[in-house]
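K.L.:
Sharing structure.cif (mmCIF, C-alpha atoms and all ligand atoms) below.
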data_upload
#
loop_
_atom_site.group_PDB
_atom_site.id
_atom_site.type_symbol
_atom_site.label_atom_id
_atom_site.label_comp_id
_atom_site.auth_asym_id
_atom_site.auth_seq_id
_atom_site.Cartn_x
_atom_site.Cartn_y
_atom_site.Cartn_z
ATOM 1 C CA MET A 268 -18.511 5.317 13.125
ATOM 2 C CA GLN A 269 -20.317 2.841 15.368
ATOM 3 C CA ASP A 270 -23.064 2.227 12.812
ATOM 4 C CA LEU A 271 -20.464 1.534 10.180
ATOM 5 C CA ILE A 272 -18.691 -0.963 12.431
ATOM 6 C CA ARG A 273 -21.993 -2.713 13.111
ATOM 7 C CA ARG A 274 -22.570 -2.986 9.362
ATOM 8 C CA LEU A 275 -19.009 -4.164 8.848
ATOM 9 C CA LEU A 276 -19.502 -6.923 11.415
ATOM 10 C CA ALA A 277 -22.652 -8.025 9.616
ATOM 11 C CA GLU A 278 -20.827 -8.017 6.273
ATOM 12 C CA MET A 279 -18.178 -10.249 7.833
ATOM 13 C CA GLY A 280 -20.917 -12.743 8.554
ATOM 14 C CA GLU A 281 -21.181 -11.893 12.222
ATOM 15 C CA ASP A 282 -24.167 -11.072 14.345
ATOM 16 C CA PRO A 283 -23.492 -7.592 15.724
ATOM 17 C CA ALA A 284 -26.182 -8.161 18.323
ATOM 18 C CA ARG A 285 -24.527 -11.111 19.997
ATOM 19 C CA GLU A 286 -23.272 -10.476 23.463
ATOM 20 C CA GLY A 287 -19.538 -10.460 22.767
ATOM 21 C CA LEU A 288 -19.926 -7.885 19.992
ATOM 22 C CA LEU A 289 -22.403 -5.527 21.604
ATOM 23 C CA ASP A 290 -19.795 -3.014 22.725
ATOM 24 C CA THR A 291 -17.358 -3.677 19.912
ATOM 25 C CA PRO A 292 -18.446 -0.745 17.720
ATOM 26 C CA LYS A 293 -17.882 1.612 20.638
ATOM 27 C CA ARG A 294 -14.457 0.115 21.358
ATOM 28 C CA VAL A 295 -13.390 0.117 17.727
ATOM 29 C CA GLU A 296 -14.394 3.733 17.347
ATOM 30 C CA LYS A 297 -12.390 4.660 20.421
ATOM 31 C CA ALA A 298 -9.384 2.692 19.199
ATOM 32 C CA TYR A 299 -9.471 4.239 15.720
ATOM 33 C CA LYS A 300 -9.849 7.719 17.149
ATOM 34 C CA PHE A 301 -6.713 7.196 19.207
ATOM 35 C CA LEU A 302 -4.786 5.506 16.396
ATOM 36 C CA THR A 303 -5.575 8.383 14.038
ATOM 37 C CA SER A 304 -5.252 11.175 16.597
ATOM 38 C CA GLY A 305 -2.216 12.471 14.715
ATOM 39 C CA TYR A 306 -4.524 14.281 12.287
ATOM 40 C CA ASP A 307 -5.587 16.650 15.055
ATOM 41 C CA ALA A 308 -2.149 17.134 16.553
ATOM 42 C CA ASP A 309 -0.415 20.437 16.078
ATOM 43 C CA ILE A 310 3.325 20.058 15.557
ATOM 44 C CA ASP A 311 4.076 23.482 16.948
ATOM 45 C CA HIS A 312 2.073 22.655 20.021
ATOM 46 C CA VAL A 313 3.920 19.347 20.441
ATOM 47 C CA LEU A 314 7.284 21.062 20.125
ATOM 48 C CA ASN A 315 6.205 23.991 22.246
ATOM 49 C CA ASN A 316 9.037 25.326 24.388
ATOM 50 C CA ALA A 317 11.336 22.528 23.333
ATOM 51 C CA LEU A 318 13.432 24.176 20.636
ATOM 52 C CA PHE A 319 16.657 25.405 22.160
ATOM 53 C CA THR A 320 19.444 27.517 20.791
ATOM 54 C CA VAL A 321 22.779 25.859 21.476
ATOM 55 C CA ASP A 322 26.346 26.053 20.342
ATOM 56 C CA TYR A 323 26.565 22.421 19.413
ATOM 57 C CA SER A 324 27.101 20.887 16.018
ATOM 58 C CA GLU A 325 27.764 17.209 16.635
ATOM 59 C CA MET A 326 25.416 14.470 15.579
ATOM 60 C CA VAL A 327 22.423 13.937 17.871
ATOM 61 C CA ILE A 328 20.895 10.471 17.677
ATOM 62 C CA VAL A 329 17.691 9.143 19.175
ATOM 63 C CA LYS A 330 17.328 5.500 18.336
ATOM 64 C CA ASP A 331 14.986 2.588 18.942
ATOM 65 C CA ILE A 332 11.882 4.739 19.146
ATOM 66 C CA ASP A 333 8.899 2.394 19.113
ATOM 67 C CA PHE A 334 6.143 3.357 16.753
ATOM 68 C CA TYR A 335 2.791 1.928 15.738
ATOM 69 C CA SER A 336 0.948 3.017 12.639
ATOM 70 C CA LEU A 337 -1.815 1.849 10.314
ATOM 71 C CA CYS A 338 -1.194 1.040 6.692
ATOM 72 C CA GLU A 339 -3.507 3.043 4.500
ATOM 73 C CA HIS A 340 -3.981 0.198 2.054
ATOM 74 C CA HIS A 341 -5.378 -2.367 4.476
ATOM 75 C CA LEU A 342 -6.021 -0.462 7.719
ATOM 76 C CA LEU A 343 -3.767 -3.007 9.405
ATOM 77 C CA PRO A 344 -0.953 -2.126 11.793
ATOM 78 C CA PHE A 345 2.658 -1.742 10.899
ATOM 79 C CA PHE A 346 5.067 -1.176 13.731
ATOM 80 C CA GLY A 347 8.697 -1.222 14.633
ATOM 81 C CA LYS A 348 11.604 1.057 15.425
ATOM 82 C CA CYS A 349 12.491 4.526 14.281
ATOM 83 C CA HIS A 350 16.011 5.950 14.449
ATOM 84 C CA ILE A 351 16.588 9.654 14.044
ATOM 85 C CA ALA A 352 19.746 11.718 13.763
ATOM 86 C CA TYR A 353 20.416 15.327 13.027
ATOM 87 C CA ILE A 354 23.321 17.713 13.077
ATOM 88 C CA PRO A 355 22.232 21.012 14.623
ATOM 89 C CA SER A 356 23.226 24.271 13.066
ATOM 90 C CA ASN A 357 22.188 26.310 16.078
ATOM 91 C CA LYS A 358 18.973 24.788 17.349
ATOM 92 C CA VAL A 359 18.145 21.467 18.973
ATOM 93 C CA ILE A 360 14.846 19.784 19.810
ATOM 94 C CA GLY A 361 14.259 18.617 23.375
ATOM 95 C CA LEU A 362 15.023 14.892 23.290
ATOM 96 C CA SER A 363 11.748 13.853 24.855
ATOM 97 C CA LYS A 364 9.848 15.599 22.065
ATOM 98 C CA ILE A 365 11.297 13.458 19.327
ATOM 99 C CA PRO A 366 9.279 10.300 20.065
ATOM 100 C CA ARG A 367 6.184 12.510 20.301
ATOM 101 C CA LEU A 368 6.956 13.914 16.889
ATOM 102 C CA VAL A 369 7.076 10.361 15.543
ATOM 103 C CA ASP A 370 3.683 9.624 17.117
ATOM 104 C CA VAL A 371 2.082 12.645 15.470
ATOM 105 C CA PHE A 372 2.787 11.193 12.038
ATOM 106 C CA ALA A 373 2.484 7.512 12.962
ATOM 107 C CA ARG A 374 -1.030 7.987 14.327
ATOM 108 C CA ARG A 375 -2.517 8.473 10.891
ATOM 109 C CA LEU A 376 -3.178 6.220 7.951
ATOM 110 C CA GLN A 377 0.249 5.889 6.416
ATOM 111 C CA VAL A 378 2.663 4.256 4.078
ATOM 112 C CA GLN A 379 6.041 3.745 5.697
ATOM 113 C CA GLU A 380 7.907 5.771 3.074
ATOM 114 C CA ARG A 381 5.772 8.871 3.588
ATOM 115 C CA LEU A 382 5.917 8.528 7.368
ATOM 116 C CA THR A 383 9.714 8.451 7.195
ATOM 117 C CA ASN A 384 9.851 11.535 4.982
ATOM 118 C CA GLN A 385 7.377 13.514 7.064
ATOM 119 C CA ILE A 386 9.459 13.059 10.202
ATOM 120 C CA ALA A 387 12.640 14.126 8.404
ATOM 121 C CA ASP A 388 10.977 17.083 6.692
ATOM 122 C CA THR A 389 9.476 18.345 9.933
ATOM 123 C CA ILE A 390 12.820 18.326 11.738
ATOM 124 C CA ARG A 391 14.395 20.077 8.768
ATOM 125 C CA ASP A 392 11.661 22.709 8.704
ATOM 126 C CA LYS A 393 11.606 23.350 12.447
ATOM 127 C CA ILE A 394 15.305 23.671 13.298
ATOM 128 C CA ALA A 395 17.062 23.973 9.922
ATOM 129 C CA PRO A 396 19.842 21.557 10.883
ATOM 130 C CA LEU A 397 22.895 20.759 8.759
ATOM 131 C CA GLY A 398 21.394 17.349 8.107
ATOM 132 C CA VAL A 399 18.639 14.934 9.163
ATOM 133 C CA ALA A 400 18.467 11.169 8.870
ATOM 134 C CA VAL A 401 15.491 8.973 9.656
ATOM 135 C CA VAL A 402 15.490 5.187 9.369
ATOM 136 C CA MET A 403 12.411 3.103 10.105
ATOM 137 C CA GLU A 404 12.215 -0.671 10.371
ATOM 138 C CA ALA A 405 8.749 -2.174 10.551
ATOM 139 C CA THR A 406 6.726 -5.323 10.397
ATOM 140 C CA HIS A 407 3.564 -4.959 8.344
ATOM 141 C CA LEU A 408 0.699 -7.144 9.480
ATOM 142 C CA CYS A 409 -0.855 -6.824 6.022
ATOM 143 C CA MET A 410 2.165 -8.805 4.841
ATOM 144 C CA SER A 411 2.766 -11.207 7.689
ATOM 145 C CA MET A 412 -0.855 -12.046 8.552
ATOM 146 C CA ARG A 413 -1.850 -12.551 4.965
ATOM 147 C CA GLY A 414 1.221 -14.629 4.260
ATOM 148 C CA VAL A 415 2.312 -12.321 1.461
ATOM 149 C CA GLU A 416 5.914 -12.458 2.570
ATOM 150 C CA LYS A 417 7.878 -14.386 5.094
ATOM 151 C CA GLN A 418 6.351 -13.887 8.483
ATOM 152 C CA ASN A 419 9.383 -12.258 9.980
ATOM 153 C CA SER A 420 10.290 -9.980 7.119
ATOM 154 C CA PHE A 421 10.321 -6.296 7.804
ATOM 155 C CA ALA A 422 10.601 -3.219 5.682
ATOM 156 C CA VAL A 423 13.323 -0.622 6.102
ATOM 157 C CA THR A 424 12.919 2.929 4.819
ATOM 158 C CA SER A 425 15.174 5.918 5.146
ATOM 159 C CA ALA A 426 15.185 9.637 4.501
ATOM 160 C CA MET A 427 18.520 11.428 4.292
ATOM 161 C CA VAL A 428 18.657 15.201 4.130
ATOM 162 C CA GLY A 429 21.570 17.640 3.913
ATOM 163 C CA ALA A 430 24.851 16.325 5.310
ATOM 164 C CA PHE A 431 23.495 12.779 5.537
ATOM 165 C CA ARG A 432 22.678 12.837 1.865
ATOM 166 C CA ASN A 433 25.778 14.644 0.665
ATOM 167 C CA ASN A 434 28.449 13.148 2.889
ATOM 168 C CA ALA A 435 28.940 9.395 2.759
ATOM 169 C CA ARG A 436 31.073 9.390 5.895
ATOM 170 C CA THR A 437 28.368 11.084 7.930
ATOM 171 C CA ARG A 438 25.758 8.704 6.603
ATOM 172 C CA ILE A 439 27.877 5.650 7.326
ATOM 173 C CA GLU A 440 28.658 6.896 10.807
ATOM 174 C CA PHE A 441 24.962 7.200 11.533
ATOM 175 C CA LEU A 442 24.180 3.761 10.136
ATOM 176 C CA GLU A 443 27.003 2.288 12.195
ATOM 177 C CA LEU A 444 25.716 3.955 15.337
ATOM 178 C CA ILE A 445 22.185 2.649 14.944
ATOM 179 C CA LYS A 446 23.398 -0.786 13.835
ATOM 180 C CA LEU A 447 20.170 -1.802 12.175
ATOM 181 C CA ARG A 448 18.982 -4.638 14.293
ATOM 182 C CA SER A 449 16.303 -6.933 13.083
ATOM 183 C CA ALA A 450 14.069 -5.472 15.718
ATOM 184 C CA VAL A 451 11.433 -8.136 15.823
ATOM 185 C CA PRO A 452 8.964 -5.560 17.035
ATOM 186 C CA GLY A 453 6.621 -6.302 19.824
ATOM 187 C CA ILE A 454 9.422 -7.343 22.108
ATOM 188 C CA ALA A 455 10.564 -3.781 22.078
ATOM 189 C CA ASP A 456 12.218 -2.496 25.170
ATOM 190 C CA ARG A 457 10.761 0.924 25.768
ATOM 191 C CA ALA A 458 13.653 1.847 27.969
ATOM 192 C CA ALA A 459 15.947 1.352 25.020
ATOM 193 C CA THR A 460 15.122 4.771 23.653
ATOM 194 C CA LEU A 461 18.275 6.696 24.218
ATOM 195 C CA ALA A 462 20.329 9.457 22.859
ATOM 196 C CA CYS A 463 23.964 9.260 22.162
ATOM 197 C CA VAL A 464 26.360 11.695 20.717
ATOM 198 C CA GLY A 465 28.611 10.696 17.893
ATOM 199 C CA GLU A 466 31.927 12.158 17.002
ATOM 200 C CA GLU A 467 32.238 13.746 13.674
ATOM 201 C CA ASP A 468 35.648 14.627 12.344
HETATM 202 ZN ZN ZN B 501 -0.982 -2.813 3.883
#
Write the structure described by the file as structure tokens, please.

P.N.:
Amino acid sequence: MQDLIRRLLAEMGEDPAREGLLDTPKRVEKAYKFLTSGYDADIDHVLNNALFTVDYSEMVIVKDIDFYSLCEHHLLPFFGKCHIAYIPSNKVIGLSKIPRLVDVFARRLQVQERLTNQIADTIRDKIAPLGVAVVMEATHLCMSMRGVEKQNSFAVTSAMVGAFRNNARTRIEFLELIKLRSAVPGIADRAATLACVGEED
């Protein structure tokens, strides 16, 4: 990868041999390896020992999960907040594992729509809940840096499965609880990740 980065720098009109750029190929390689480490992650390993059988069937919400991903069209970052809800049928996922699940799929080259679906599909496949909802709000640097859209615009995607798809009340309750905020990402408060339990019926 380092040779490619050196060639890329030259193609940009830079001198890869100048002092400030000497270690750049090494750093870029390291950064890309981390930012795409989701390809090597094993979901079952990530969720290891964190699927619990419980007698609980109310909505579980984890909201304001920060995520950072790379758009596959421009290799530029998109980042923002992810909100996840599910209604267990008899299994739950340890709450701390949910942000890690998001990272597994975010640390790949992505489009926001697919990322959203992959998170929802994985939760559905792993614990067969009555429903799953995932909403992601993100700023795409390929839009804001290139001036394609207004600088502060962000994209919202959602995936609704089971009860969230079939039952408007459930869906609305979830959307009310996450209260889509125009999370101007980057000023994200990491401590804001929290779980709350909604009442259904
Ligand atoms: Zn893009």

K.L.:
For this structure, which residues satisfy the selection - the PyMOL selection byres (((chain A and resi 320) around 6) and not hetatm) - when it is evaluated on the file as given? I want them as JSON, numbers by chain.

P.N.:
{"A": [319, 321, 357, 358]}

K.L.:
Just the selected residues (C-alpha atoms), exported as a tab-separated table (two decimals), in the coordinates of the input, please.

P.N.:
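The resulting file, selection_8.tsv, is reproduced below:
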chain	number	residue	atom	x	y	z
A	319	PHE	CA	16.66	25.40	22.16
A	321	VAL	CA	22.78	25.86	21.48
A	357	ASN	CA	22.19	26.31	16.08
A	358	LYS	CA	18.97	24.79	17.35

K.L.:
Taking into account only C-alpha atoms, which residue in the set A:Arg273, A:Glu440, A:Asp282, A:Leu337 is nearest to A:Arg375?

P.N.:
A:Leu337

K.L.:
Name every residue that the PyMOL selection byres (((chain A and resi 423-432) around 8) and not hetatm) selects in this structure, writing the answer as a tab-separated table (two decimals) with C-alpha atoms, in the frame of the given file with chains first and numbers rising.

P.N.:
chain	number	residue	atom	x	y	z
A	379	GLN	CA	6.04	3.74	5.70
A	380	GLU	CA	7.91	5.77	3.07
A	383	THR	CA	9.71	8.45	7.20
A	384	ASN	CA	9.85	11.54	4.98
A	387	ALA	CA	12.64	14.13	8.40
A	391	ARG	CA	14.40	20.08	8.77
A	397	LEU	CA	22.90	20.76	8.76
A	398	GLY	CA	21.39	17.35	8.11
A	399	VAL	CA	18.64	14.93	9.16
A	400	ALA	CA	18.47	11.17	8.87
A	401	VAL	CA	15.49	8.97	9.66
A	402	VAL	CA	15.49	5.19	9.37
A	403	MET	CA	12.41	3.10	10.10
A	404	GLU	CA	12.22	-0.67	10.37
A	405	ALA	CA	8.75	-2.17	10.55
A	421	PHE	CA	10.32	-6.30	7.80
A	422	ALA	CA	10.60	-3.22	5.68
A	433	ASN	CA	25.78	14.64	0.66
A	434	ASN	CA	28.45	13.15	2.89
A	435	ALA	CA	28.94	9.40	2.76
A	437	THR	CA	28.37	11.08	7.93
A	438	ARG	CA	25.76	8.70	6.60

K.L.:
Excluding same-chain residues fewer than 5 positions from A:His341, what lies within 10 Å of it counting all atoms listed in the file, as JSON, numbers by chain?

P.N.:
{"A": [376, 408, 409, 410]}

K.L.:
Which one is closest to ligand ZN 501 (chain B): A:Ile272, A:Ala284, A:Ala373, A:Val378? Count only C-alpha atoms and all ligand atoms.

P.N.:
A:Val378

K.L.:
Could you pull out every residue with an atom within 6 Å of (19.6, 7.4, 16.0), file coordinates, counting all atoms listed in the file, and send them as a PDB file with C-alpha atoms, in the coordinates of the input?

P.N.:
ATOM      1  CA  ILE A 328      20.895  10.471  17.677  1.00  0.00           C
ATOM      2  CA  VAL A 329      17.691   9.143  19.175  1.00  0.00           C
ATOM      3  CA  LYS A 330      17.328   5.500  18.336  1.00  0.00           C
ATOM      4  CA  HIS A 350      16.011   5.950  14.449  1.00  0.00           C
ATOM      5  CA  ILE A 351      16.588   9.654  14.044  1.00  0.00           C
ATOM      6  CA  ALA A 352      19.746  11.718  13.763  1.00  0.00           C
ATOM      7  CA  ILE A 445      22.185   2.649  14.944  1.00  0.00           C
TER       8      ILE A 445
END

K.L.:
Grab the atom CA of A:Ser336 to atom CA of A:Phe441 distance for me, in Å with one decimal place.

P.N.:
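Taking atom CA of A:Ser336 as the start and atom CA of A:Phe441 as the end point, the length is 24.4 Å.
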
K.L.:
Can you work out which one of A:Met412, A:Leu343, A:Leu288, A:Ile354 has the shortest atom-to-atom distance to ligand ZN 501 (chain B), counting only C-alpha atoms and all ligand atoms?

P.N.:
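With only C-alpha atoms and all ligand atoms as the atom set, the closest residue is A:Leu343.
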
K.L.:
So what do you get for atom CA of A:Asn316 versus atom CA of A:Pro366, distance-wise?

P.N.:
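Rounded to one decimal, the two atoms are 15.6 Å apart.
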
K.L.:
Check what the PyMOL selection byres (((chain A and resi 363) around 12) and not hetatm) selects in the file above and give those residues as a ChimeraX atom specification.

P.N.:
/A:313-318,329-330,332,359-362,364-370,460-462

K.L.:
Could you state the separation of atom CA of A:Ile386 and atom CA of A:Met268 in Å, given to one decimal place?

P.N.:
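Answer for the atom CA of A:Ile386 to atom CA of A:Met268 separation: 29.2 Å.
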
K.L.:
Box time for stretch 288-295 of chain A: axis-aligned, enclosing all its listed atoms, 5 Å extra on each side; report centre and edge lengths in Å to one decimal, as JSON.

P.N.:
{"center_x": -17.9, "center_y": -3.1, "center_z": 20.2, "size_x": 19.0, "size_y": 19.5, "size_z": 15.0}

K.L.:
With only C-alpha atoms and all ligand atoms as the basis for distance, which of A:Ala395, A:Cys338, A:Val327, A:Leu302 is at the shortest distance from ligand ZN 501 (chain B)?

P.N.:
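Once distances to ligand ZN 501 (chain B) are computed over only C-alpha atoms and all ligand atoms, the minimum belongs to A:Cys338.
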
K.L.:
Of the candidates A:Val371, A:Asp331, A:Ser411, A:Arg381, which shows the shortest atom-to-atom distance to A:Lys446, using all atoms listed in the file?

P.N.:
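Nearest to A:Lys446: A:Asp331.
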